[in-house]
Amino acid sequence: MKRKKLLKNFQKNHPPVKKTPDYIQRLQTDRKAFDHYPEVKFLLNHALMADQLLQAGRLPQDLPNLTLPDDIQDRLYQRVNDRYALGDPAGDREWDRISNLLPQVDKDLRSFRDYLEEHYGMWAYISSSFTQQLAQYLDGKPALEVMAGNGYITKGLLDQKANVIGTDSLEWQSENETGKHQVAPIEKLNALEAYEKYKDQVDYIIMSWSPDGVPVDDELLAAIRRDGHQVQLIVIGEKDGATNSPAFWEHAELVNDHGIEQLNQYLPHFDLINDRVYLVK
């Protein structure tokens, strides 16, 4: 058998594409095709289980990194050799089958975040274990979530009996799934309106995945500083990357906090986006 080093070239030339309605069906087909290869099946099972939980209105479990390892073809080649005798033509056919399918599986796994955004309006991957730890961090103190979208963080905190108010402008409803499938009560307020209404009632503000290039996050930070209010701002996103405005990251003063570092252990990096939790003053 000849090993085909196709995967890296495919990754370079085929970025993730937008999902069609049969995306989950395709993952199920991928899983069946790689039933004998646990390195691949393990990742597909996690993605499918997350989708099942979200369909049921529940927060998903933690995810492993859904990127296939660089040596995946070597691993699969060895598994084929272990299953078939040397010189068995069936082994050649099996290797050709899985090596031809592997680039599509890789693309499907890397597209999982796109699917969550488009199908559920879930931008940051919020798991039940993360919100449990976040509730412990808040320690019963009242919190306000701005830009809550469909309310996954608010839901997780409410499930933990935390004192939280979820708000969002809901202006994205005409463009995508954000705000269309609310899983928790969300009050229709933009970030600045929510801050003005609740600033004297909360100790924490939670802001997750503020859109990149939109300055509302920096305006909120400026309003908090202008008031001299003692509210703590918890930010979830990718610094100088996929989330928040450049002005926000330029003006944000990040606080070293042991509790925040512990929280980050429960925020999985399942793709190339480096989501983190930050405490900002």
# chains A, B, ... in the order shown; residues from 1 in each chain; ligands from 1
>>> select_by_dssp(residues="region 78-192 of chain A", states="strand (DSSP E or B)", output="MDAnalysis selection string")
chainID A and resid 143:146 164:168 187:188
>>> residues_around(residues="Ala124 (chain A)", least_positions_apart="3", cutoff="8 Å", atoms="only C-alpha atoms", output="PyMOL selection string")
chain A and resi 208-209+236-237+275
>>> residues_around(residues="His269 (chain A)", least_positions_apart="4", cutoff="9 Å", atoms="only C-alpha atoms", output="JSON, numbers by chain")
{"A": [63, 64, 65, 66, 125, 273, 274, 275, 276]}
>>> closest_residue(among="A:Arg83, A:Arg75, A:Lys281, A:Lys141", to="Leu221 (chain A)", atoms="only C-alpha atoms")
A:Lys281
>>> residues_around(residues="Gln230 (chain A)", least_positions_apart="2", cutoff="10 Å", atoms="only C-alpha atoms", output="PyMOL selection string")
chain A and resi 199-200+202-204+224-225+227-228+232-233+281
>>> residues_around(residues="region 156-165 of chain A", least_positions_apart="3", cutoff="6 Å", atoms="only C-alpha atoms", output="list in words")
Thr131, Ala135, Gly140, Pro142, Ala143, Leu144 and Ile153 of chain A
>>> write_last_selection(atoms="N, CA and C atoms", output="PDB file, in the first residue's frame")
ATOM      1  N   THR A 131     -20.343  26.580  32.483  1.00  0.00           N
ATOM      2  CA  THR A 131     -21.265  27.448  33.215  1.00  0.00           C
ATOM      3  C   THR A 131     -21.355  27.049  34.686  1.00  0.00           C
ATOM      4  N   ALA A 135     -20.593  29.806  37.464  1.00  0.00           N
ATOM      5  CA  ALA A 135     -21.494  30.076  38.591  1.00  0.00           C
ATOM      6  C   ALA A 135     -20.728  30.046  39.909  1.00  0.00           C
ATOM      7  N   GLY A 140     -22.667  33.564  43.829  1.00  0.00           N
ATOM      8  CA  GLY A 140     -23.934  34.113  44.274  1.00  0.00           C
ATOM      9  C   GLY A 140     -24.133  35.590  44.016  1.00  0.00           C
ATOM     10  N   PRO A 142     -24.841  38.977  41.895  1.00  0.00           N
ATOM     11  CA  PRO A 142     -25.683  39.198  40.711  1.00  0.00           C
ATOM     12  C   PRO A 142     -24.850  39.567  39.488  1.00  0.00           C
ATOM     13  N   ALA A 143     -25.283  39.048  38.336  1.00  0.00           N
ATOM     14  CA  ALA A 143     -24.550  39.271  37.092  1.00  0.00           C
ATOM     15  C   ALA A 143     -25.514  39.663  35.982  1.00  0.00           C
ATOM     16  N   LEU A 144     -24.992  40.417  35.036  1.00  0.00           N
ATOM     17  CA  LEU A 144     -25.724  40.838  33.840  1.00  0.00           C
ATOM     18  C   LEU A 144     -24.986  40.298  32.629  1.00  0.00           C
ATOM     19  N   ILE A 153     -25.210  31.107  27.905  1.00  0.00           N
ATOM     20  CA  ILE A 153     -24.542  31.355  29.197  1.00  0.00           C
ATOM     21  C   ILE A 153     -25.576  31.616  30.278  1.00  0.00           C
TER      22      ILE A 153
END
>>> atom_distance(atom1="CA of Asp218 (chain A)", atom2="CA of Ser245 (chain A)")
7.2 Å
>>> residues_around(residues="Gly149 (chain A)", least_positions_apart="5", cutoff="12 Å", atoms="only C-alpha atoms", output="number ranges by chain")
A: 117, 120-124, 154-155, 166-173, 176-191, 207-211
>>> closest_residue(among="A:Ile234, A:Ala223, A:Leu86, A:Leu263", to="Leu134 (chain A)", atoms="only C-alpha atoms")
A:Leu263
>>> atom_distance(atom1="CA of Thr67 (chain A)", atom2="CA of Asp240 (chain A)")
22.0 Å
>>> atom_distance(atom1="CA of Phe248 (chain A)", atom2="CA of Pro215 (chain A)")
7.3 Å
>>> select_by_dssp(residues="region 127-176 of chain A", states="helix (DSSP H, G or I)", output="ChimeraX atom specification")
/A:128-138,152-159
